file my_file-v4.txt (compact mmCIF, C-alpha atoms)
# COMPACT_ATOMS: atom_id res chain seq x y z
CA MET A 1 16.13 -1.53 -18.25
CA ASN A 2 17.96 -4.17 -16.22
CA VAL A 3 16.38 -7.04 -14.29
CA VAL A 4 18.34 -8.63 -11.42
CA ALA A 5 17.36 -11.51 -9.18
CA THR A 6 20.15 -11.59 -6.58
CA LYS A 7 21.20 -9.27 -3.80
CA LYS A 8 24.77 -9.30 -5.11
CA ASP A 9 23.75 -8.08 -8.58
CA LEU A 10 21.44 -5.48 -7.06
CA ILE A 11 24.16 -4.12 -4.78
CA ASN A 12 26.63 -3.91 -7.66
CA GLN A 13 24.17 -1.93 -9.75
CA ILE A 14 23.21 0.39 -6.88
CA ASN A 15 26.88 1.05 -6.12
CA GLU A 16 27.36 2.04 -9.75
CA TYR A 17 24.50 4.53 -9.52
CA LYS A 18 25.87 5.95 -6.28
CA THR A 19 29.35 6.31 -7.77
CA ARG A 20 27.78 8.47 -10.47
CA GLN A 21 25.96 10.44 -7.73
CA GLN A 22 22.60 9.60 -9.31
CA THR A 23 19.46 9.95 -7.21
CA ILE A 24 17.33 6.84 -6.76
CA GLY A 25 13.54 6.66 -6.56
CA PHE A 26 12.27 3.34 -5.22
CA VAL A 27 8.88 1.67 -5.76
CA PRO A 28 8.51 -1.54 -3.71
CA THR A 29 5.65 -3.80 -4.89
CA MET A 30 4.37 -7.35 -4.80
CA GLY A 31 3.92 -7.28 -8.56
CA TYR A 32 0.89 -7.88 -10.77
CA LEU A 33 1.22 -4.22 -11.64
CA HIS A 34 -1.80 -2.03 -12.31
CA GLU A 35 -2.32 1.67 -12.98
CA GLY A 36 -1.72 2.50 -9.32
CA HIS A 37 1.78 1.05 -9.49
CA ILE A 38 2.39 2.75 -12.85
CA LYS A 39 1.50 6.09 -11.24
CA LEU A 40 4.13 5.45 -8.55
CA LEU A 41 6.74 4.73 -11.21
CA GLU A 42 5.78 7.83 -13.17
CA GLU A 43 6.06 10.02 -10.08
CA ALA A 44 9.46 8.51 -9.29
CA ARG A 45 10.57 9.11 -12.87
CA LYS A 46 9.80 12.83 -12.57
CA ALA A 47 12.04 13.44 -9.56
CA ASN A 48 14.96 10.99 -9.78
CA ASP A 49 17.84 10.03 -12.06
CA ILE A 50 17.19 6.33 -11.53
CA VAL A 51 13.95 4.44 -10.83
CA VAL A 52 14.18 1.08 -9.08
CA LEU A 53 11.18 -1.27 -8.84
CA SER A 54 11.11 -4.34 -6.62
CA ILE A 55 8.69 -7.20 -7.23
CA PHE A 56 8.50 -9.60 -4.33
CA VAL A 57 5.49 -11.40 -2.87
CA ASN A 58 6.59 -11.31 0.74
CA PRO A 59 5.49 -14.39 2.71
CA LEU A 60 6.09 -12.68 6.06
CA GLN A 61 3.12 -10.37 5.59
CA PHE A 62 0.59 -13.13 4.86
CA GLY A 63 -1.32 -14.85 7.65
CA PRO A 64 -1.90 -18.64 7.77
CA ASN A 65 -5.30 -18.39 6.08
CA GLU A 66 -4.43 -15.65 3.59
CA ASP A 67 -3.78 -15.82 -0.13
CA PHE A 68 0.02 -16.08 -0.47
CA ASP A 69 -0.03 -19.11 -2.81
CA SER A 70 -2.86 -17.73 -4.94
CA TYR A 71 -1.69 -14.10 -4.97
CA PRO A 72 -1.64 -13.07 -8.67
CA ARG A 73 1.78 -13.14 -10.32
CA ASN A 74 2.83 -12.28 -13.87
CA PRO A 75 6.48 -11.14 -13.91
CA MET A 76 6.80 -11.01 -17.71
CA ARG A 77 3.81 -8.66 -17.97
CA ASP A 78 5.16 -6.64 -15.03
CA GLU A 79 8.53 -6.18 -16.74
CA GLU A 80 6.88 -4.86 -19.89
CA LEU A 81 4.68 -2.42 -17.97
CA ALA A 82 7.61 -1.24 -15.87
CA ARG A 83 9.74 -0.66 -18.96
CA HIS A 84 7.07 1.57 -20.52
CA ALA A 85 6.62 3.44 -17.23
CA GLY A 86 10.30 4.36 -17.11
CA ALA A 87 11.86 1.91 -14.64
CA ASP A 88 15.63 1.55 -14.93
CA LEU A 89 16.10 -1.49 -12.72
CA ILE A 90 13.83 -4.28 -11.49
CA PHE A 91 14.78 -6.36 -8.46
CA LEU A 92 12.93 -9.67 -8.79
CA PRO A 93 14.21 -11.96 -6.03
CA SER A 94 13.00 -15.40 -4.98
CA VAL A 95 11.84 -16.12 -1.44
CA THR A 96 15.07 -18.00 -0.75
CA GLU A 97 17.10 -15.03 -2.00
CA MET A 98 15.41 -12.71 0.49
CA TYR A 99 15.16 -15.29 3.28
CA PRO A 100 17.92 -17.89 2.69
CA GLU A 101 17.24 -19.38 6.10
CA LYS A 102 14.76 -18.92 8.92
CA PRO A 103 15.05 -15.25 9.94
CA SER A 104 17.01 -14.64 13.14
CA TYR A 105 15.75 -11.06 13.35
CA SER A 106 12.56 -9.26 12.48
CA VAL A 107 11.08 -5.82 12.91
CA THR A 108 8.16 -5.54 15.31
CA VAL A 109 5.82 -2.60 14.79
CA GLN A 110 4.31 -1.40 18.05
CA SER A 111 2.28 1.63 17.01
CA ARG A 112 -0.18 2.48 14.22
CA VAL A 113 -0.99 -1.23 13.74
CA ASN A 114 -3.73 -2.18 16.21
CA VAL A 115 -6.44 -0.52 14.10
CA LEU A 116 -7.82 -0.86 10.55
CA CYS A 117 -6.29 -3.83 8.69
CA GLY A 118 -3.69 -4.39 11.38
CA LYS A 119 -6.38 -5.27 13.92
CA SER A 120 -7.38 -8.46 12.08
CA ARG A 121 -4.00 -9.24 10.47
CA GLU A 122 -1.70 -9.87 13.41
CA GLY A 123 1.94 -9.71 12.37
CA HIS A 124 1.15 -8.36 8.89
CA PHE A 125 2.93 -5.05 9.36
CA ASP A 126 5.84 -6.76 11.11
CA GLY A 127 6.35 -8.60 7.83
CA VAL A 128 6.00 -5.40 5.83
CA ALA A 129 8.49 -3.54 8.03
CA THR A 130 10.97 -6.44 7.99
CA VAL A 131 11.09 -6.75 4.21
CA LEU A 132 11.20 -2.97 3.74
CA THR A 133 14.14 -2.72 6.14
CA LYS A 134 15.96 -5.26 3.96
CA LEU A 135 14.99 -3.50 0.73
CA PHE A 136 15.85 -0.01 1.99
CA ASN A 137 19.30 -1.21 3.01
CA LEU A 138 19.85 -2.89 -0.36
CA VAL A 139 18.48 -0.16 -2.66
CA LYS A 140 19.57 2.87 -0.60
CA PRO A 141 16.94 5.11 -2.22
CA ASP A 142 16.71 8.86 -1.89
CA ARG A 143 12.92 8.68 -2.19
CA ALA A 144 10.41 5.85 -1.69
CA TYR A 145 6.96 5.91 -3.28
CA PHE A 146 3.81 4.37 -1.77
CA GLY A 147 0.16 4.60 -2.74
CA MET A 148 -2.34 6.12 -0.35
CA LYS A 149 -4.89 3.40 -1.06
CA ASP A 150 -3.14 1.54 1.74
CA ALA A 151 -2.88 4.57 4.00
CA GLN A 152 -2.13 2.49 7.08
CA GLN A 153 0.91 1.04 5.34
CA VAL A 154 2.06 4.58 4.45
CA ALA A 155 1.70 5.57 8.12
CA VAL A 156 3.70 2.52 9.22
CA VAL A 157 6.44 3.21 6.64
CA ASP A 158 6.56 6.82 7.83
CA GLY A 159 7.18 5.54 11.36
CA LEU A 160 9.77 3.00 10.15
CA ILE A 161 11.78 5.63 8.28
CA ASN A 162 11.72 8.01 11.24
CA GLU A 163 12.41 5.37 13.90
CA PHE A 164 15.45 3.89 12.17
CA HIS A 165 16.72 7.17 10.70
CA PHE A 166 16.67 5.99 7.10
CA PRO A 167 17.86 8.92 4.93
CA ILE A 168 14.80 8.49 2.71
CA ASP A 169 12.04 10.89 1.72
CA LEU A 170 8.66 9.14 1.84
CA VAL A 171 6.48 10.22 -1.08
CA PRO A 172 2.77 9.32 -0.70
CA VAL A 173 0.89 9.17 -4.01
CA ASP A 174 -2.88 9.61 -4.33
CA THR A 175 -5.04 6.55 -4.91
CA VAL A 176 -5.59 5.74 -8.58
CA ARG A 177 -9.20 4.88 -9.38
CA GLU A 178 -11.27 3.31 -12.10
CA ALA A 179 -13.67 5.62 -13.98
CA ASP A 180 -16.46 4.57 -11.58
CA GLY A 181 -14.38 5.36 -8.48
CA LEU A 182 -13.23 1.89 -7.46
CA ALA A 183 -9.66 1.99 -6.15
CA LYS A 184 -7.21 0.10 -8.36
CA SER A 185 -6.06 -3.11 -6.70
CA SER A 186 -4.44 -6.38 -7.71
CA ARG A 187 -7.25 -8.14 -5.84
CA ASN A 188 -10.00 -6.62 -8.01
CA VAL A 189 -9.51 -9.54 -10.40
CA TYR A 190 -11.12 -11.77 -7.76
CA LEU A 191 -14.44 -9.91 -7.89
CA SER A 192 -17.38 -11.56 -9.62
CA GLU A 193 -19.18 -9.59 -12.31
CA LEU A 194 -21.91 -8.60 -9.85
CA GLU A 195 -19.42 -7.69 -7.12
CA ARG A 196 -17.47 -5.54 -9.57
CA LYS A 197 -20.67 -3.57 -10.30
CA GLN A 198 -21.33 -3.15 -6.59
CA ALA A 199 -17.80 -2.31 -5.43
CA PRO A 200 -17.78 1.41 -6.45
CA ALA A 201 -20.37 1.96 -3.71
CA ILE A 202 -17.48 1.79 -1.22
CA TYR A 203 -15.95 5.01 -2.54
CA ARG A 204 -19.35 6.65 -2.93
CA SER A 205 -20.03 5.99 0.76
CA LEU A 206 -16.80 7.80 1.66
CA LEU A 207 -17.78 10.78 -0.47
CA THR A 208 -21.17 10.87 1.25
CA ALA A 209 -19.40 10.96 4.61
CA GLN A 210 -17.08 13.69 3.39
CA ASN A 211 -20.08 15.75 2.32
CA ALA A 212 -21.74 15.29 5.72
CA ILE A 213 -18.59 16.58 7.45
CA ALA A 214 -18.42 19.52 5.05
CA GLN A 215 -21.99 20.38 6.09
CA GLY A 216 -20.98 20.44 9.75
CA GLU A 217 -21.47 16.92 11.10
CA ARG A 218 -18.82 16.12 13.73
CA ASP A 219 -20.29 13.05 15.44
CA LYS A 220 -17.96 10.17 14.58
CA GLU A 221 -20.57 7.47 15.14
CA LYS A 222 -23.12 9.18 12.90
CA ILE A 223 -20.55 9.43 10.10
CA LYS A 224 -19.73 5.74 10.49
CA GLU A 225 -23.43 4.89 10.36
CA ILE A 226 -23.81 6.83 7.10
CA ILE A 227 -21.00 4.80 5.52
CA SER A 228 -22.18 1.44 6.84
CA PHE A 229 -25.75 2.03 5.69
CA ALA A 230 -24.67 2.98 2.17
CA ILE A 231 -22.37 -0.04 1.76
CA SER A 232 -24.91 -2.48 3.19
CA LYS A 233 -27.66 -1.09 0.98
CA GLU A 234 -25.68 -1.15 -2.27
CA THR A 235 -23.47 -4.24 -1.96
CA ASP A 236 -23.55 -7.88 -0.87
CA GLY A 237 -20.17 -7.43 0.81
CA MET A 238 -19.56 -7.86 4.52
CA ILE A 239 -18.18 -4.78 6.26
CA ASP A 240 -14.93 -5.59 8.05
CA TYR A 241 -14.49 -2.14 9.54
CA VAL A 242 -15.41 1.52 9.23
CA GLU A 243 -12.99 3.74 11.14
CA ILE A 244 -12.30 7.44 11.61
CA LEU A 245 -8.86 8.16 13.06
CA SER A 246 -6.22 10.87 13.28
CA TYR A 247 -3.53 10.67 10.59
CA PRO A 248 -0.75 9.60 10.45
CA SER A 249 -0.74 8.65 14.15
CA LEU A 250 -3.93 6.56 13.69
CA ASP A 251 -5.21 7.43 17.15
CA GLU A 252 -8.84 7.19 18.19
CA LEU A 253 -10.88 10.40 18.07
CA ASN A 254 -13.65 11.56 20.36
CA ILE A 255 -14.65 14.30 17.96
CA ILE A 256 -13.77 14.83 14.33
CA SER A 257 -11.04 17.47 14.04
CA GLY A 258 -7.59 17.98 12.52
CA LYS A 259 -6.24 15.72 9.79
CA ILE A 260 -8.26 12.53 9.74
CA ILE A 261 -8.59 9.36 7.74
CA ILE A 262 -11.94 7.72 7.05
CA ALA A 263 -11.17 4.13 6.13
CA VAL A 264 -13.24 1.08 5.24
CA ALA A 265 -12.69 -2.58 4.43
CA VAL A 266 -15.33 -4.76 2.78
CA LYS A 267 -15.15 -8.53 2.27
CA PHE A 268 -16.60 -10.04 -0.88
CA ILE A 269 -16.54 -13.78 -1.62
CA LYS A 270 -12.94 -13.93 -2.86
CA ALA A 271 -11.65 -10.40 -2.30
CA ARG A 272 -11.27 -8.02 0.59
CA LEU A 273 -11.26 -4.40 -0.61
CA ILE A 274 -9.96 -1.37 1.29
CA ASP A 275 -10.41 2.32 0.60
CA ASN A 276 -10.05 5.63 2.41
CA ILE A 277 -10.17 9.38 2.12
CA MET A 278 -8.20 12.05 3.98
CA ILE A 279 -9.90 15.17 5.30
CA GLU A 280 -8.54 18.24 7.08
CA VAL A 281 -11.22 19.37 9.54
call {"tool": "encode", "arguments": {"input": "my_file-v4.txt", "output": "structure tokens"}}
result
Amino acid sequence: MNVVATKKDLINQINEYKTRQQTIGFVPTMGYLHEGHIKLLEEARKANDIVVLSIFVNPLQFGPNEDFDSYPRNPMRDEELARHAGADLIFLPSVTEMYPEKPSYSVTVQSRVNVLCGKSREGHFDGVATVLTKLFNLVKPDRAYFGMKDAQQVAVVDGLINEFHFPIDLVPVDTVREADGLAKSSRNVYLSELERKQAPAIYRSLLTAQNAIAQGERDKEKIKEIISFAISKETDGMIDYVEILSYPSLDELNIISGKIIIAVAVKFIKARLIDNIMIEV
């Protein structure tokens, strides 16, 4: 496995792969790898000749009061995990390598962002789309792998690939969960012992909603009430949102039908957790 820190070295290595006509699977991350990231690497390993992992904590997608400086980082541990998961190349750039000067251009996302996390994180997905545009052009992957835990991000990436005609297959990968149902996340380390015990209630509330829909409930507000009640009863977290939308367009629904996402975000003292389930109604 090779580790490169500059765009020049990355391009040279990618050109070598392309000369050999090797397919490239790409897993872009912000590091502090967990089982969810490992699953992405494993899926990429199954379908590609080469697996490229990027580790870059992207400042453009953090708001002024968000946790960029304190975001967990452990590149040495990440390299070891990536090696065991089958990565061939890690791109580990600095901020100045990716943004050597104040950006003259950026990507502005105009759809699929004014709901869910995008509603309270203005500019977040512009930062995501900008860095992914850079990375896609550098890595030139055949396939890109993203976890469905952040389903809104997957929807935005889907739009980015289609809008700019990137010759990339987007591969969504199911959320990886702890044994008690909590979605794997780098931010789980910020939970207190009590919060960690309470947090699985988020996923249980989604399963309760799924069961209600399976039994015939189609009133969106009633489903949202079921989720909110369960989370409020079982946790000390503050509900940021409970939403039911079409997917991947993320449009509002008057009645539950078609492919939908039920998504929640809950704020604990030092961590904001998101989760979702997809249902075909």
call {"tool": "atom_distance", "arguments": {"input": "my_file-v4.txt", "atom1": "atom CA of A:Val3", "atom2": "atom CA of A:Leu135"}}
result
15.5 Å
call {"tool": "residues_around", "arguments": {"input": "my_file-v4.txt", "residues": "A:Lys197", "least_positions_apart": "4", "cutoff": "10 Å", "atoms": "all atoms listed in the file", "output": "JSON, numbers by chain"}}
result
{"A": [180, 182, 191, 192, 193, 201, 234, 235]}
call {"tool": "atom_distance", "arguments": {"input": "my_file-v4.txt", "atom1": "atom CA of A:His124", "atom2": "atom CA of A:Asp236"}}
result
26.6 Å
call {"tool": "closest_residue", "arguments": {"input": "my_file-v4.txt", "among": "A:Val281, A:Ala209, A:Met98, A:Val171", "to": "A:Gly147", "atoms": "all atoms listed in the file"}}
result
A:Val171
call {"tool": "closest_atom_pairs", "arguments": {"input": "my_file-v4.txt", "of": "stretch 115-218 of chain A", "to": "stretch 267-277 of chain A", "cutoff": "8 Å", "atoms": "all atoms listed in the file", "output": "tab-separated table"}}
result
residue	atom	partner	partner_atom	distance
A:Lys149	CA	A:Asp275	CA	5.9
A:Asp150	CA	A:Asp275	CA	7.4
A:Ala151	CA	A:Asn276	CA	7.4
A:Ala183	CA	A:Asp275	CA	6.8
A:Arg187	CA	A:Ala271	CA	6.1
A:Asn188	CA	A:Ala271	CA	7.0
A:Tyr190	CA	A:Ala271	CA	5.7
A:Leu191	CA	A:Ala271	CA	6.3
A:Glu195	CA	A:Phe268	CA	7.2
A:Ile202	CA	A:Asp275	CA	7.3
A:Tyr203	CA	A:Asp275	CA	6.9
A:Leu206	CA	A:Ile277	CA	6.8
call {"tool": "residues_around", "arguments": {"input": "my_file-v4.txt", "residues": "stretch 106-110 of chain A", "least_positions_apart": "4", "cutoff": "8 Å", "atoms": "only C-alpha atoms", "output": "JSON list (two decimals) with C-alpha atoms, in the frame of the given file"}}
result
[["chain", "number", "residue", "atom", "x", "y", "z"],
["A", 125, "PHE", "CA", 2.93, -5.05, 9.36],
["A", 126, "ASP", "CA", 5.84, -6.76, 11.11],
["A", 127, "GLY", "CA", 6.35, -8.60, 7.83],
["A", 129, "ALA", "CA", 8.49, -3.54, 8.03],
["A", 130, "THR", "CA", 10.97, -6.44, 7.99],
["A", 156, "VAL", "CA", 3.70, 2.52, 9.22]]
call {"tool": "closest_atom_pairs", "arguments": {"input": "my_file-v4.txt", "of": "stretch 92-180 of chain A", "to": "stretch 26-40 of chain A", "cutoff": "6 Å", "atoms": "all atoms listed in the file", "output": "tab-separated table"}}
result
residue	atom	partner	partner_atom	distance
A:Pro141	CA	A:Phe26	CA	5.8
A:Ala144	CA	A:Phe26	CA	4.7
A:Tyr145	CA	A:Val27	CA	5.3
A:Val176	CA	A:Gly36	CA	5.1
call {"tool": "write_last_selection", "arguments": {"input": "my_file-v4.txt", "atoms": "C-alpha atoms", "output": "compact mmCIF listing (two decimals), keeping the file's coordinate frame"}}
result
# COMPACT_ATOMS: atom_id res chain seq x y z
CA PRO A 141 16.94 5.11 -2.22
CA ALA A 144 10.41 5.85 -1.69
CA TYR A 145 6.96 5.91 -3.28
CA VAL A 176 -5.59 5.74 -8.58
call {"tool": "residues_around", "arguments": {"input": "my_file-v4.txt", "residues": "stretch 211-213 of chain A", "least_positions_apart": "6", "cutoff": "10 Å", "atoms": "all atoms listed in the file", "output": "list in words"}}
result
Ser205, Asp219, Lys220, Lys222, Ile223, Ile226, Ile256, Ile279 and Val281 of chain A
call {"tool": "residues_around", "arguments": {"input": "my_file-v4.txt", "residues": "A:Arg112", "least_positions_apart": "5", "cutoff": "9 Å", "atoms": "all atoms listed in the file", "output": "list in words"}}
result
Gly118, Gln152, Ala155, Val156, Gly159, Pro248, Ser249, Leu250 and Asp251 of chain A
call {"tool": "atom_distance", "arguments": {"input": "my_file-v4.txt", "atom1": "atom CA of A:Glu243", "atom2": "atom CA of A:Pro200"}}
result
18.4 Å
call {"tool": "residues_around", "arguments": {"input": "my_file-v4.txt", "residues": "A:Leu253", "least_positions_apart": "4", "cutoff": "8 Å", "atoms": "all atoms listed in the file", "output": "VMD selection string"}}
result
chain A and resid 220 244 to 246
call {"tool": "closest_residue", "arguments": {"input": "my_file-v4.txt", "among": "A:Ser70, A:Leu60, A:Ile90, A:Glu42", "to": "A:Gln13", "atoms": "all atoms listed in the file"}}
result
A:Ile90
